[in-house]
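The structure appears right after this line, and notes come after that.
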Amino acid sequence: MRIGAGSIIVLCIVATAVSGCQLWQGPLLSAPSGTDDLAARHNKAGIQAYKQEQWNRATEQFEAAVKIAPSLAEAHYNLGMVLYRQGKDADAKLHFIKARDLAPENDVIENAPPFTRVEAPSRSSGYQGMSGGQGHSH
């Protein structure tokens with residue numbers, strides 16, 4: 001079988017697009033055990049709203065979690081995620097940084113868009129999953 005030059009060019013373009021443009025697929029983070037119950041419930045409700053692409057509701061829930069438990073790194077990270085999806089990149093970055101400051105050992109937080117050279121997820125893409133808040137305890 002012979003492959004034409006046009007096919008090779010198309011294959012190169014596809015390969016470059018797939019390998020050269022990593023999309024960051026960070027999960028949302030659950031509140032770890034021992035977190036204030038009300039803050040954990042707001043964080044969980046924010047995750048549910050995020051799954052349903054209800055960005056304003058998710059923002060409200062994560063903001064409530066952060067207000068109740070300002071040291072809850074997972075809620076700051078999640079709030080950063082939803083703010084990014086709303087196009088509020090500067091505000092999102094502040095919450096990603098706060099999350100990293102609170103939980104520097106958390107690999108998911110450490111791989112948030114401001115700290116890596118990969119692109120953040122598309123604002124139009126759906127929910128990416130959920131983590132158990134590994135690597136961070138209160």
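If you're wondering about the labels, chains in the structure tokens are A, B, ... by order shown, residues count from 1 in each chain, ligands from 1 in order shown.
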Exercise for the section: Skip Asp37 of chain A itself and residues of its chain fewer than 5 positions away, then list as a ChimeraX atom specification all residues within 12 Å of it, counting only C-alpha atoms. Expected result: /A:31-32,42-44,65,68-69,72
Practice task
Fewer than 4 positions away in the same chain doesn't count, so skip those; otherwise give me all residues within 8 Å of segment 74-87 of chain A, counting only C-alpha atoms, as a count of residues only.
Solution key: 27
Practice task
Provide the atom CA of Glu53 of chain A to atom CA of Asn111 of chain A distance in Å, to one decimal place.
Solution key: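 Between atom CA of Glu53 of chain A and atom CA of Asn111 of chain A the gap is 22.0 Å.
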Practice task
Point out the residue among A:Arg41, A:Lys51, A:Lys88, A:Arg100 with the least atom-to-atom distance to Ala64 of chain A, counting only C-alpha atoms.
Solution key: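 That would be A:Arg41, the residue with the smallest distance to Ala64 of chain A.
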